[in-house]
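Undergrad: Dropping in structure-v3.json, with JSON, C-alpha atoms.
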```
[["chain", "number", "residue", "atom", "x", "y", "z"],
["A", 70, "MET", "CA", -48.44, -6.90, 51.76],
["A", 71, "ASN", "CA", -47.44, -8.06, 48.27],
["A", 72, "ILE", "CA", -47.27, -11.74, 47.37],
["A", 73, "PHE", "CA", -44.45, -11.01, 44.91],
["A", 74, "LEU", "CA", -42.25, -9.84, 47.80],
["A", 75, "ILE", "CA", -42.75, -13.01, 49.86],
["A", 76, "PRO", "CA", -40.63, -15.89, 48.52],
["A", 77, "TYR", "CA", -41.69, -19.48, 49.07],
["A", 78, "THR", "CA", -39.42, -20.19, 52.02],
["A", 79, "PRO", "CA", -40.18, -20.93, 55.69],
["A", 80, "VAL", "CA", -39.63, -17.23, 56.39],
["A", 81, "ARG", "CA", -42.93, -16.49, 54.61],
["A", 82, "HIS", "CA", -44.79, -17.62, 57.73],
["A", 83, "THR", "CA", -43.47, -14.57, 59.60],
["A", 84, "ALA", "CA", -44.83, -12.02, 57.09],
["A", 85, "VAL", "CA", -48.30, -11.74, 58.64],
["A", 86, "ALA", "CA", -46.75, -11.86, 62.13],
["A", 87, "VAL", "CA", -44.68, -8.74, 61.38],
["A", 88, "VAL", "CA", -47.79, -6.93, 60.13],
["A", 89, "CYS", "CA", -49.78, -7.83, 63.25],
["A", 90, "ALA", "CA", -46.87, -6.82, 65.50],
["A", 91, "ALA", "CA", -46.67, -3.42, 63.79],
["A", 92, "MET", "CA", -50.43, -2.92, 64.09],
["A", 93, "CYS", "CA", -50.34, -3.73, 67.82],
["A", 94, "ALA", "CA", -47.39, -1.39, 68.37],
["A", 95, "ILE", "CA", -49.33, 1.40, 66.67],
["A", 96, "ALA", "CA", -52.43, 0.62, 68.74],
["A", 97, "TRP", "CA", -50.34, 0.74, 71.93],
["A", 98, "TRP", "CA", -48.88, 4.12, 70.90],
["A", 99, "VAL", "CA", -52.35, 5.58, 70.16],
["A", 100, "VAL", "CA", -53.76, 4.43, 73.51],
["A", 101, "LEU", "CA", -50.70, 5.78, 75.30],
["A", 102, "ALA", "CA", -50.99, 9.13, 73.50],
["A", 103, "LEU", "CA", -54.64, 9.44, 74.51],
["A", 104, "ALA", "CA", -53.83, 8.48, 78.10],
["A", 105, "TRP", "CA", -50.98, 11.03, 78.24],
["A", 106, "SER", "CA", -53.16, 13.89, 77.01],
["A", 107, "GLY", "CA", -55.98, 13.08, 79.40],
["A", 108, "PRO", "CA", -57.93, 9.92, 78.66],
["A", 109, "PRO", "CA", -61.68, 10.14, 78.02],
["A", 110, "TRP", "CA", -62.15, 7.04, 80.19],
["A", 111, "ALA", "CA", -61.80, 6.30, 83.89],
["A", 112, "ALA", "CA", -58.65, 4.76, 85.36],
["A", 113, "THR", "CA", -60.43, 1.43, 85.81],
["A", 114, "TRP", "CA", -60.78, 1.24, 82.01],
["A", 115, "ASP", "CA", -57.06, 1.43, 81.26],
["A", 116, "GLY", "CA", -56.72, -2.35, 81.03],
["A", 117, "PRO", "CA", -59.85, -3.01, 78.92],
["A", 118, "VAL", "CA", -59.03, -0.18, 76.50],
["A", 119, "LEU", "CA", -55.45, -1.31, 75.95],
["A", 120, "LEU", "CA", -56.22, -5.02, 75.63],
["A", 121, "GLY", "CA", -59.31, -4.41, 73.49],
["A", 122, "SER", "CA", -57.24, -2.19, 71.20],
["A", 123, "LEU", "CA", -54.55, -4.85, 70.90],
["A", 124, "ALA", "CA", -57.14, -7.50, 70.02],
["A", 125, "ALA", "CA", -58.70, -5.21, 67.41],
["A", 126, "ALA", "CA", -55.31, -4.33, 65.92],
["A", 127, "ALA", "CA", -54.14, -7.94, 65.72],
["A", 128, "GLY", "CA", -57.40, -9.30, 64.32],
["A", 129, "GLY", "CA", -57.90, -6.44, 61.87],
["A", 130, "GLY", "CA", -54.26, -6.57, 60.77],
["A", 131, "SER", "CA", -54.50, -10.28, 60.02],
["A", 132, "VAL", "CA", -57.65, -9.83, 57.90],
["A", 133, "LEU", "CA", -56.16, -6.81, 56.14],
["A", 134, "ALA", "CA", -52.99, -8.77, 55.30],
["A", 135, "GLU", "CA", -55.06, -11.62, 53.88],
["A", 136, "GLY", "CA", -57.06, -9.22, 51.71],
["A", 137, "ALA", "CA", -53.87, -7.68, 50.33],
["A", 138, "LEU", "CA", -52.32, -11.07, 49.58],
["A", 139, "ARG", "CA", -55.47, -12.36, 47.88],
["A", 140, "ARG", "CA", -55.91, -9.12, 45.89],
["A", 141, "TRP", "CA", -59.41, -8.46, 47.19],
["A", 142, "PRO", "CA", -61.14, -5.32, 45.89],
["A", 143, "ILE", "CA", -60.62, -2.24, 48.06],
["A", 144, "TRP", "CA", -64.23, -2.19, 49.27],
["A", 145, "ARG", "CA", -64.02, -5.84, 50.34],
["A", 146, "ARG", "CA", -60.76, -5.28, 52.17],
["A", 147, "ALA", "CA", -62.28, -2.34, 54.04],
["A", 148, "VAL", "CA", -65.48, -4.17, 54.97],
["A", 149, "PHE", "CA", -63.80, -7.37, 56.12],
["A", 150, "THR", "CA", -61.08, -5.49, 58.01],
["A", 151, "LEU", "CA", -63.68, -3.44, 59.87],
["A", 152, "MET", "CA", -65.56, -6.64, 60.65],
["A", 153, "GLY", "CA", -62.37, -8.19, 62.01],
["A", 154, "ILE", "CA", -61.61, -5.13, 64.14],
["A", 155, "PHE", "CA", -65.12, -4.84, 65.55],
["A", 156, "SER", "CA", -65.59, -8.54, 66.25],
["A", 157, "ALA", "CA", -62.14, -8.99, 67.83],
["A", 158, "ALA", "CA", -62.59, -5.96, 70.09],
["A", 159, "THR", "CA", -66.13, -6.98, 71.06],
["A", 160, "PHE", "CA", -65.23, -10.55, 72.00],
["A", 161, "ALA", "CA", -62.11, -9.41, 73.85],
["A", 162, "LEU", "CA", -64.06, -6.91, 75.94],
["A", 163, "VAL", "CA", -66.84, -9.43, 76.63],
["A", 164, "PHE", "CA", -64.39, -12.07, 77.84],
["A", 165, "TYR", "CA", -62.48, -9.46, 79.84],
["A", 166, "ALA", "CA", -65.70, -8.30, 81.50],
["A", 167, "LEU", "CA", -66.74, -11.87, 82.33],
["A", 168, "TRP", "CA", -63.42, -12.43, 84.04],
["A", 169, "SER", "CA", -63.00, -9.12, 85.85],
["A", 170, "ALA", "CA", -66.62, -8.67, 86.93],
["A", 171, "ALA", "CA", -67.88, -12.22, 87.46],
["A", 172, "LEU", "CA", -65.26, -14.96, 87.74],
["A", 173, "GLY", "CA", -62.18, -13.02, 88.83],
["A", 174, "PRO", "CA", -63.50, -11.61, 92.13],
["A", 175, "VAL", "CA", -64.70, -15.07, 93.11],
["A", 176, "VAL", "CA", -61.36, -16.74, 92.36],
["A", 177, "LEU", "CA", -58.87, -14.03, 93.36],
["A", 178, "GLY", "CA", -60.90, -11.78, 95.62],
["A", 179, "PRO", "CA", -62.04, -8.15, 95.44],
["A", 180, "GLU", "CA", -58.44, -6.93, 94.97],
["A", 181, "LEU", "CA", -58.85, -7.66, 91.27],
["A", 182, "ALA", "CA", -60.79, -4.43, 90.87],
["A", 183, "ASP", "CA", -57.77, -2.34, 91.89],
["A", 184, "PRO", "CA", -56.32, -0.93, 88.62],
["A", 185, "THR", "CA", -52.90, -0.31, 90.21],
["A", 186, "LEU", "CA", -52.16, -4.01, 90.64],
["A", 187, "VAL", "CA", -49.79, -5.25, 87.92],
["A", 188, "SER", "CA", -49.16, -8.75, 89.22],
["A", 189, "LEU", "CA", -49.30, -11.48, 86.59],
["A", 190, "ARG", "CA", -51.64, -13.44, 88.84],
["A", 191, "PHE", "CA", -54.25, -10.70, 88.52],
["A", 192, "ARG", "CA", -53.67, -9.66, 84.89],
["A", 193, "LEU", "CA", -52.79, -12.82, 82.96],
["A", 194, "LEU", "CA", -56.43, -13.76, 82.42],
["A", 195, "GLY", "CA", -57.03, -10.32, 80.97],
["A", 196, "TRP", "CA", -54.31, -10.90, 78.37],
["A", 197, "LEU", "CA", -55.72, -14.35, 77.64],
["A", 198, "ALA", "CA", -59.17, -12.83, 77.17],
["A", 199, "ALA", "CA", -57.73, -10.37, 74.67],
["A", 200, "GLY", "CA", -55.98, -13.17, 72.77],
["A", 201, "PHE", "CA", -59.04, -15.40, 72.80],
["A", 202, "GLY", "CA", -61.24, -12.57, 71.54],
["A", 203, "ALA", "CA", -58.72, -11.73, 68.82],
["A", 204, "GLY", "CA", -58.87, -15.36, 67.73],
["A", 205, "VAL", "CA", -62.65, -15.72, 67.77],
["A", 206, "GLY", "CA", -63.39, -12.52, 65.85],
["A", 207, "PRO", "CA", -61.32, -13.15, 62.68],
["A", 208, "MET", "CA", -62.26, -16.83, 62.84],
["A", 209, "MET", "CA", -65.89, -15.83, 62.35],
["A", 210, "VAL", "CA", -64.95, -13.41, 59.56],
["A", 211, "ARG", "CA", -63.14, -16.30, 57.82],
["A", 212, "ARG", "CA", -66.23, -18.50, 58.26],
["A", 213, "PHE", "CA", -64.57, -20.72, 60.85],
["A", 214, "ARG", "CA", -61.74, -21.83, 58.56],
["A", 215, "GLY", "CA", -58.72, -22.65, 60.69],
["A", 216, "GLY", "CA", -60.78, -22.53, 63.87],
["A", 217, "LEU", "CA", -58.35, -24.45, 66.06],
["A", 218, "SER", "CA", -55.34, -22.38, 65.00],
["A", 219, "HIS", "CA", -57.26, -19.16, 65.74],
["A", 220, "LEU", "CA", -58.33, -20.26, 69.21],
["A", 221, "VAL", "CA", -55.00, -21.78, 70.25],
["A", 222, "GLY", "CA", -52.97, -19.04, 68.56],
["A", 223, "GLY", "CA", -54.98, -16.34, 70.29],
["A", 224, "LEU", "CA", -54.46, -17.91, 73.70],
["A", 225, "VAL", "CA", -50.73, -18.40, 73.06],
["A", 226, "ALA", "CA", -50.47, -14.76, 71.95],
["A", 227, "GLY", "CA", -52.23, -13.57, 75.10],
["A", 228, "PHE", "CA", -49.97, -15.66, 77.31],
["A", 229, "ALA", "CA", -46.79, -14.52, 75.51],
["A", 230, "GLY", "CA", -47.80, -10.85, 75.60],
["A", 231, "GLY", "CA", -48.76, -10.96, 79.26],
["A", 232, "LEU", "CA", -45.58, -12.80, 80.22],
["A", 233, "VAL", "CA", -43.32, -10.31, 78.43],
["A", 234, "TRP", "CA", -45.27, -7.39, 79.90],
["A", 235, "TYR", "CA", -44.84, -8.81, 83.39],
["A", 236, "VAL", "CA", -41.17, -9.80, 83.10],
["A", 237, "PHE", "CA", -40.04, -6.43, 81.79],
["A", 238, "GLY", "CA", -42.10, -4.55, 84.35],
["A", 239, "TYR", "CA", -41.27, -6.58, 87.44],
["A", 240, "LYS", "CA", -38.43, -5.20, 89.52],
["A", 241, "PRO", "CA", -36.75, -8.33, 90.97],
["A", 242, "TYR", "CA", -35.89, -9.62, 87.47],
["A", 243, "ASN", "CA", -33.69, -6.56, 86.83],
["A", 244, "LEU", "CA", -34.83, -6.48, 83.21],
["A", 245, "GLY", "CA", -36.51, -3.14, 83.65],
["A", 246, "THR", "CA", -38.95, -1.48, 86.00],
["A", 247, "ASP", "CA", -40.61, 0.78, 83.48],
["A", 248, "LEU", "CA", -44.19, -0.17, 82.62],
["A", 249, "PHE", "CA", -43.84, 1.99, 79.52],
["A", 250, "LEU", "CA", -41.24, -0.37, 78.06],
["A", 251, "ALA", "CA", -43.07, -3.40, 79.41],
["A", 252, "SER", "CA", -46.38, -2.52, 77.73],
["A", 253, "ALA", "CA", -44.62, -1.69, 74.45],
["A", 254, "LEU", "CA", -42.80, -5.01, 74.30],
["A", 255, "GLY", "CA", -45.81, -6.96, 75.52],
["A", 256, "SER", "CA", -48.04, -5.42, 72.84],
["A", 257, "THR", "CA", -45.53, -6.11, 70.07],
["A", 258, "VAL", "CA", -44.98, -9.71, 71.18],
["A", 259, "PHE", "CA", -48.74, -10.19, 71.42],
["A", 260, "GLY", "CA", -49.21, -9.15, 67.79],
["A", 261, "PHE", "CA", -46.24, -11.11, 66.46],
["A", 262, "THR", "CA", -47.26, -14.32, 68.23],
["A", 263, "TYR", "CA", -50.85, -13.90, 67.11],
["A", 264, "GLY", "CA", -49.88, -13.50, 63.46],
["A", 265, "LEU", "CA", -47.40, -16.38, 63.67],
["A", 266, "PHE", "CA", -49.87, -18.95, 64.98],
["A", 267, "THR", "CA", -53.31, -17.98, 63.67],
["A", 268, "TRP", "CA", -53.00, -17.34, 59.93],
["A", 269, "GLY", "CA", -49.96, -17.60, 57.67],
["A", 270, "VAL", "CA", -49.38, -17.21, 53.95],
["A", 271, "PRO", "CA", -51.17, -20.26, 52.44],
["A", 272, "ASP", "CA", -49.65, -22.53, 49.81],
["A", 273, "GLU", "CA", -52.67, -21.95, 47.55],
["A", 274, "LEU", "CA", -51.27, -18.51, 46.67],
["A", 275, "TYR", "CA", -48.32, -20.20, 44.94],
["A", 276, "ALA", "CA", -48.03, -22.41, 41.85],
["A", 277, "GLY", "CA", -45.39, -24.88, 40.68],
["A", 278, "TRP", "CA", -43.10, -24.09, 37.74],
["A", 279, "LEU", "CA", -40.37, -25.92, 35.82],
["A", 280, "ARG", "CA", -37.38, -23.84, 34.77],
["A", 281, "VAL", "CA", -34.53, -25.00, 32.53],
["A", 282, "LEU", "CA", -31.05, -24.26, 33.87],
["A", 283, "THR", "CA", -29.05, -25.76, 30.98],
["A", 284, "ILE", "CA", -27.66, -23.23, 28.52],
["A", 285, "SER", "CA", -29.40, -24.69, 25.43],
["A", 286, "ARG", "CA", -32.82, -23.52, 26.65],
["A", 287, "HIS", "CA", -31.78, -21.50, 29.66],
["A", 288, "ALA", "CA", -34.63, -19.82, 31.62],
["A", 289, "ARG", "CA", -37.34, -21.53, 29.57],
["A", 290, "ARG", "CA", -40.14, -22.27, 32.04],
["A", 291, "ILE", "CA", -43.65, -23.70, 32.13],
["A", 292, "PRO", "CA", -46.31, -23.81, 34.88],
["A", 293, "VAL", "CA", -47.36, -27.13, 36.39],
["A", 294, "ASN", "CA", -50.65, -25.99, 37.91],
["A", 295, "GLY", "CA", -53.73, -25.78, 35.73],
["A", 296, "PRO", "CA", -56.12, -22.81, 35.82],
["A", 297, "ASP", "CA", -58.53, -24.69, 38.10],
["A", 298, "ASP", "CA", -55.88, -26.55, 40.15],
["A", 299, "SER", "CA", -57.19, -29.90, 38.96],
["A", 300, "PRO", "CA", -54.73, -32.86, 38.82],
["A", 301, "ARG", "CA", -52.28, -32.30, 35.99],
["A", 302, "GLU", "CA", -49.12, -33.86, 34.56],
["A", 303, "ARG", "CA", -46.40, -32.13, 32.55],
["A", 304, "PHE", "CA", -44.08, -34.20, 30.31],
["A", 305, "VAL", "CA", -40.45, -33.37, 29.55],
["A", 306, "GLY", "CA", -38.47, -34.81, 26.63],
["A", 307, "HIS", "CA", -37.55, -34.33, 22.95],
["A", 308, "PHE", "CA", -40.51, -36.04, 21.30],
["A", 309, "PRO", "CA", -41.42, -33.60, 18.49],
["A", 310, "ARG", "CA", -45.17, -33.36, 19.18],
["A", 311, "GLY", "CA", -47.36, -33.00, 22.23],
["A", 312, "LEU", "CA", -44.74, -32.49, 24.95],
["A", 313, "ASP", "CA", -45.10, -29.70, 27.47],
["A", 314, "LEU", "CA", -41.38, -28.93, 27.74],
["A", 315, "PHE", "CA", -39.21, -29.73, 24.71],
["A", 316, "LEU", "CA", -35.48, -30.25, 25.30],
["A", 317, "PRO", "CA", -32.93, -31.17, 22.60],
["A", 318, "VAL", "CA", -31.68, -34.74, 22.26],
["A", 319, "GLU", "CA", -28.08, -33.49, 22.10],
["A", 320, "ASP", "CA", -28.30, -32.74, 25.83],
["A", 321, "GLY", "CA", -29.02, -36.34, 26.80],
["A", 322, "VAL", "CA", -32.80, -36.07, 27.01],
["A", 323, "MET", "CA", -34.93, -38.98, 25.78],
["A", 324, "GLU", "CA", -38.28, -38.78, 23.96],
["A", 325, "LEU", "CA", -40.17, -39.14, 27.24],
["A", 326, "HIS", "CA", -37.70, -38.56, 30.01],
["A", 327, "VAL", "CA", -39.50, -37.32, 33.09],
["A", 328, "SER", "CA", -42.87, -35.92, 34.12],
["A", 329, "VAL", "CA", -43.98, -33.60, 36.93],
["A", 330, "LEU", "CA", -47.52, -33.92, 38.19],
["A", 331, "LEU", "CA", -49.89, -32.28, 40.63],
["A", 332, "ASN", "CA", -51.97, -35.03, 42.24],
["A", 333, "ARG", "CA", -55.36, -34.93, 43.94],
["A", 334, "ARG", "CA", -53.77, -34.34, 47.34],
["A", 335, "GLY", "CA", -52.10, -31.16, 46.12],
["A", 336, "GLU", "CA", -48.61, -32.72, 46.07],
["A", 337, "PHE", "CA", -46.05, -32.12, 43.34],
["A", 338, "ARG", "CA", -44.23, -35.31, 42.29],
["A", 339, "ALA", "CA", -41.60, -36.20, 39.68],
["A", 340, "ARG", "CA", -41.66, -39.52, 37.78],
["A", 341, "GLY", "CA", -38.81, -41.08, 35.81],
["A", 342, "LEU", "CA", -39.96, -42.45, 32.43],
["A", 343, "THR", "CA", -36.72, -43.71, 30.87],
["A", 344, "LEU", "CA", -33.83, -46.11, 31.50],
["A", 345, "GLN", "CA", -31.37, -43.25, 31.09],
["A", 346, "PRO", "CA", -29.91, -41.61, 34.24],
["A", 347, "THR", "CA", -32.51, -39.43, 35.96],
["A", 348, "SER", "CA", -32.29, -38.05, 39.49],
["A", 349, "VAL", "CA", -33.79, -35.42, 41.77],
["A", 350, "GLN", "CA", -31.19, -33.56, 43.80],
["A", 351, "ARG", "CA", -31.81, -31.48, 46.89],
["A", 352, "PHE", "CA", -29.83, -30.51, 49.99],
["A", 353, "MET", "CA", -28.01, -33.60, 51.31],
["A", 354, "GLU", "CA", -30.22, -35.94, 49.27],
["A", 355, "ARG", "CA", -30.28, -37.54, 45.84],
["A", 356, "VAL", "CA", -33.19, -39.65, 44.54],
["A", 357, "ASP", "CA", -32.58, -41.97, 41.55],
["A", 358, "LEU", "CA", -35.65, -42.03, 39.27],
["A", 359, "SER", "CA", -34.24, -44.13, 36.41],
["A", 360, "TYR", "CA", -36.89, -46.56, 35.21],
["A", 361, "ASP", "CA", -36.54, -50.03, 36.69],
["A", 362, "LYS", "CA", -37.75, -52.74, 34.28],
["A", 363, "ARG", "CA", -38.50, -55.03, 37.21],
["A", 364, "ARG", "CA", -41.12, -52.66, 38.61],
["A", 365, "PRO", "CA", -44.71, -52.35, 37.32],
["A", 366, "ALA", "CA", -44.69, -48.54, 37.57],
["A", 367, "PRO", "CA", -42.13, -45.71, 37.32],
["A", 368, "LEU", "CA", -40.37, -44.46, 40.40],
["A", 369, "ASP", "CA", -41.51, -41.10, 41.72],
["A", 370, "THR", "CA", -40.68, -38.69, 44.53],
["A", 371, "ARG", "CA", -42.21, -35.62, 46.06],
["A", 372, "LEU", "CA", -40.88, -32.27, 44.88],
["A", 373, "SER", "CA", -40.14, -29.20, 46.99],
["A", 374, "SER", "CA", -39.30, -25.71, 45.82],
["A", 375, "GLY", "CA", -35.66, -25.57, 44.74],
["A", 376, "ASP", "CA", -35.31, -29.25, 43.83],
["A", 377, "ARG", "CA", -33.35, -29.97, 40.64],
["A", 378, "ILE", "CA", -34.05, -32.74, 38.14],
["A", 379, "VAL", "CA", -30.86, -33.93, 36.42],
["A", 380, "MET", "CA", -31.41, -35.84, 33.15],
["A", 381, "GLY", "CA", -28.92, -37.67, 30.94],
["A", 382, "PRO", "CA", -25.50, -39.34, 31.29],
["A", 383, "PRO", "CA", -22.48, -37.54, 32.76],
["A", 384, "GLY", "CA", -21.12, -34.95, 30.37],
["A", 385, "HIS", "CA", -24.47, -34.59, 28.57],
["A", 386, "THR", "CA", -26.87, -33.62, 31.32],
["A", 387, "THR", "CA", -29.82, -31.29, 31.33],
["A", 388, "VAL", "CA", -30.91, -29.69, 34.60],
["A", 389, "VAL", "CA", -34.47, -28.54, 35.28],
["A", 390, "GLU", "CA", -35.40, -26.76, 38.50],
["A", 391, "PHE", "CA", -38.77, -26.94, 40.26],
["A", 392, "LEU", "CA", -39.90, -23.66, 41.80],
["A", 393, "MET", "CA", -42.92, -22.40, 43.73],
["A", 394, "LEU", "CA", -43.78, -18.91, 42.52],
["A", 395, "PRO", "CA", -46.72, -16.59, 43.20],
["A", 396, "ARG", "CA", -49.81, -17.71, 41.33],
["A", 397, "GLU", "CA", -49.98, -14.36, 39.52],
["A", 398, "GLU", "CA", -46.56, -14.97, 37.95],
["A", 399, "ARG", "CA", -46.62, -14.99, 34.15]]
```
Starting from the file, lay out its structure as structure tokens.
TA:
Amino acid sequence: MNIFLIPYTPVRHTAVAVVCAAMCAIAWWVVLALAWSGPPWAATWDGPVLLGSLAAAAGGGSVLAEGALRRWPIWRRAVFTLMGIFSAATFALVFYALWSAALGPVVLGPELADPTLVSLRFRLLGWLAAGFGAGVGPMMVRRFRGGLSHLVGGLVAGFAGGLVWYVFGYKPYNLGTDLFLASALGSTVFGFTYGLFTWGVPDELYAGWLRVLTISRHARRIPVNGPDDSPRERFVGHFPRGLDLFLPVEDGVMELHVSVLLNRRGEFRARGLTLQPTSVQRFMERVDLSYDKRRPAPLDTRLSSGDRIVMGPPGHTTVVEFLMLPREER
């Protein structure tokens, strides 16, 4: 995982999901390889071993991806990843044992103990236990940050994995009768859904930048965020002293033309500071920020990555683009 390879687009939310899916697929393959060569556990432990391994792989993969994105030291990545693996597997096995040994036989009867039964009615709660354990373990490692997303995401992952496992292994659906394929797809979907809903790439790993697109100062750029992420405002214009981004007057830019600020709520906003034409343009939208003398304060609008600020009259315009780039960008 490298933050420089994850652009600030909605697709970034699938990066951790792909990692968790790959980790679960590897865990499934390892368990299958051990089972094929003669497992060191009894047949009644096939379910707990597989589901516990999936919970450990998903939880550990999520923590490992976070450590890589945040550039933790190697020792910290190793320690926290092992904590995520151990805690996720422990909670998953505990919840699985509570269901299969205590609650399950009371609700569904003694048939639950038969390891050859692959009905969703008997095995869905096992998948949910694995997902819930995978959510609780990393949630504790992260000191309960994002607790609701971990719990709900873990349950959704368990349900999705169990459903795919059942559909692709159930004969009447004609989607496949091979439990080999069913367990592979179920494990992969479990990991992907878990990574998609529990922990994504946070916005705090990115910072706002202003980049000039006009040829006079093409590619000139400045950061908006301060070192400590405190509220900050950047001014754009051609006033000779004290401006953050200087642009020539020949391109239609006034002394104080526009400013971009990071407010206390963590929002990036653009403010028009002159009577000259000023607008923010984005897909299917144009916001006029020219200063209105009848208003007590300048007009402003929220900025998103890729928005363009157009300054000056037609034929003499300067275009500045707002971008979200990795915080380590220089």
Undergrad: Do you have the CA of Glu302 in chain A-CA of Leu368 in chain A distance handy?
TA: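 These atoms are spaced 14.9 Å apart.
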Undergrad: With all atoms listed in the file as the counted atoms, please give the residues lying no more than 12 Å from Trp114 in chain A, apart from itself and same-chain residues fewer than 5 positions off, as a list of chain:residue names.
TA: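 Listed by chain and then number, they are A:Val100, A:Ala104, A:Pro108, A:Pro109, A:Leu119, A:Leu120, A:Gly121, A:Ser122, A:Leu162, A:Tyr165, A:Ala166, A:Ser169, A:Ala182, A:Asp183, A:Pro184, A:Thr185.
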Undergrad: May I ask which of the residues A:Val132, A:Leu172, A:Phe201, A:Val221 is the closest one to Arg145 in chain A, counting only C-alpha atoms?
TA: A:Val132
Undergrad: Give me the residues near Trp196 in chain A as number ranges by chain, where near means some atom within 8 Å (using only C-alpha atoms) and where sequence neighbours in that chain fewer than 6 positions away do not count.
TA: A: 120, 227-228, 230-231
Undergrad: Any idea what the distance is between CA of Val356 in chain A and CA of Thr386 in chain A?
TA: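 Atom-to-atom, CA of Val356 in chain A to CA of Thr386 in chain A, that is 15.8 Å.
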Undergrad: With the cut-off set at 7 Å and counting all atoms listed in the file, tabulate each residue of range 92-203 of chain A with an atom at most that distance from an atom of range 249-263 of chain A, showing the nearest atom pair and its distance in Å to one decimal, ordered by chain and increasing number, as a tab-separated table.
TA:
```
residue	atom	partner	partner_atom	distance
A:Cys93	CA	A:Gly260	CA	5.5
A:Ala94	CA	A:Thr257	CA	5.4
A:Trp97	CA	A:Ser256	CA	6.6
A:Leu123	CA	A:Ser256	CA	6.8
A:Ala127	CA	A:Gly260	CA	5.5
```
Undergrad: Which residue gives the smallest distance to His219 in chain A among A:Leu194, A:Tyr235, A:Asp115, A:Thr267, with only C-alpha atoms counted?
TA: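 Ranking A:Leu194, A:Tyr235, A:Asp115, A:Thr267 by distance to His219 in chain A, first place goes to A:Thr267.
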Undergrad: Using all atoms listed in the file, which residues sit within 12 Å of Val205 in chain A once same-chain residues fewer than 5 positions away are excluded, as JSON, numbers by chain?
TA: {"A": [124, 125, 127, 128, 129, 152, 153, 154, 155, 156, 157, 158, 159, 160, 161, 163, 164, 198, 199, 200, 210, 211, 212, 213, 214, 215, 216, 217, 218, 219, 220, 221, 222, 223, 224, 263, 267]}
Undergrad: Quick one: write out the picked residues with C-alpha atoms as a compact mmCIF listing (two decimals), in the frame of the given file?
TA:
```txt
# COMPACT_ATOMS: atom_id res chain seq x y z
CA ALA A 124 -57.14 -7.50 70.02
CA ALA A 125 -58.70 -5.21 67.41
CA ALA A 127 -54.14 -7.94 65.72
CA GLY A 128 -57.40 -9.30 64.32
CA GLY A 129 -57.90 -6.44 61.87
CA MET A 152 -65.56 -6.64 60.65
CA GLY A 153 -62.37 -8.19 62.01
CA ILE A 154 -61.61 -5.13 64.14
CA PHE A 155 -65.12 -4.84 65.55
CA SER A 156 -65.59 -8.54 66.25
CA ALA A 157 -62.14 -8.99 67.83
CA ALA A 158 -62.59 -5.96 70.09
CA THR A 159 -66.13 -6.98 71.06
CA PHE A 160 -65.23 -10.55 72.00
CA ALA A 161 -62.11 -9.41 73.85
CA VAL A 163 -66.84 -9.43 76.63
CA PHE A 164 -64.39 -12.07 77.84
CA ALA A 198 -59.17 -12.83 77.17
CA ALA A 199 -57.73 -10.37 74.67
CA GLY A 200 -55.98 -13.17 72.77
CA VAL A 210 -64.95 -13.41 59.56
CA ARG A 211 -63.14 -16.30 57.82
CA ARG A 212 -66.23 -18.50 58.26
CA PHE A 213 -64.57 -20.72 60.85
CA ARG A 214 -61.74 -21.83 58.56
CA GLY A 215 -58.72 -22.65 60.69
CA GLY A 216 -60.78 -22.53 63.87
CA LEU A 217 -58.35 -24.45 66.06
CA SER A 218 -55.34 -22.38 65.00
CA HIS A 219 -57.26 -19.16 65.74
CA LEU A 220 -58.33 -20.26 69.21
CA VAL A 221 -55.00 -21.78 70.25
CA GLY A 222 -52.97 -19.04 68.56
CA GLY A 223 -54.98 -16.34 70.29
CA LEU A 224 -54.46 -17.91 73.70
CA TYR A 263 -50.85 -13.90 67.11
CA THR A 267 -53.31 -17.98 63.67
```
Undergrad: Neighbours of range 310-326 of chain A within 8 Å (all atoms listed in the file; same-chain residues fewer than 2 positions away dropped), as a list in words?
TA: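 That gives Ser285, Arg286, Ile291, Arg303, Phe304, Val305, Gly306, His307, Phe308, Ser328, Gly341, Leu342, Thr343, Gln345, Thr347, Met380, Gly381, Pro382, His385, Thr386 and Thr387 of chain A.
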Undergrad: Can you tell me, as a count of residues only, what residues are no more than 9 Å from Met393 in chain A when counting all atoms listed in the file, ignoring any on the same chain fewer than 2 positions away?
TA: 12
Undergrad: Given all atoms listed in the file as the basis, pick out the residue of A:Val389, A:Val80, A:Gly173, A:Glu336 nearest to Asp369 in chain A.
TA: A:Glu336
Undergrad: So which one's closest to Gly264 in chain A, A:Leu167, A:Glu390, A:Phe149, A:Ala203? Using all atoms listed in the file, please.
TA: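 Checking each candidate against Gly264 in chain A, we get A:Ala203 as the closest.
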Undergrad: Using N, CA and C atoms, give me range 330-334 of chain A from the structure I just pasted, as a PDB file, in the first residue's frame.
TA:
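Result written to result_27.pdb:
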```pdb
ATOM      1  N   LEU A 330      -9.513  28.808   1.632  1.00  0.00           N
ATOM      2  CA  LEU A 330      -9.276  28.628   3.064  1.00  0.00           C
ATOM      3  C   LEU A 330      -9.683  27.235   3.512  1.00  0.00           C
ATOM      4  N   LEU A 331      -9.033  26.805   4.580  1.00  0.00           N
ATOM      5  CA  LEU A 331      -9.373  25.578   5.291  1.00  0.00           C
ATOM      6  C   LEU A 331      -9.976  26.002   6.616  1.00  0.00           C
ATOM      7  N   ASN A 332     -11.280  25.726   6.810  1.00  0.00           N
ATOM      8  CA  ASN A 332     -11.947  26.220   8.011  1.00  0.00           C
ATOM      9  C   ASN A 332     -11.829  25.213   9.157  1.00  0.00           C
ATOM     10  N   ARG A 333     -12.472  25.536  10.267  1.00  0.00           N
ATOM     11  CA  ARG A 333     -12.362  24.702  11.467  1.00  0.00           C
ATOM     12  C   ARG A 333     -13.057  23.355  11.302  1.00  0.00           C
ATOM     13  N   ARG A 334     -13.980  23.248  10.368  1.00  0.00           N
ATOM     14  CA  ARG A 334     -14.659  21.981  10.128  1.00  0.00           C
ATOM     15  C   ARG A 334     -13.926  21.088   9.139  1.00  0.00           C
TER      16      ARG A 334
END
```
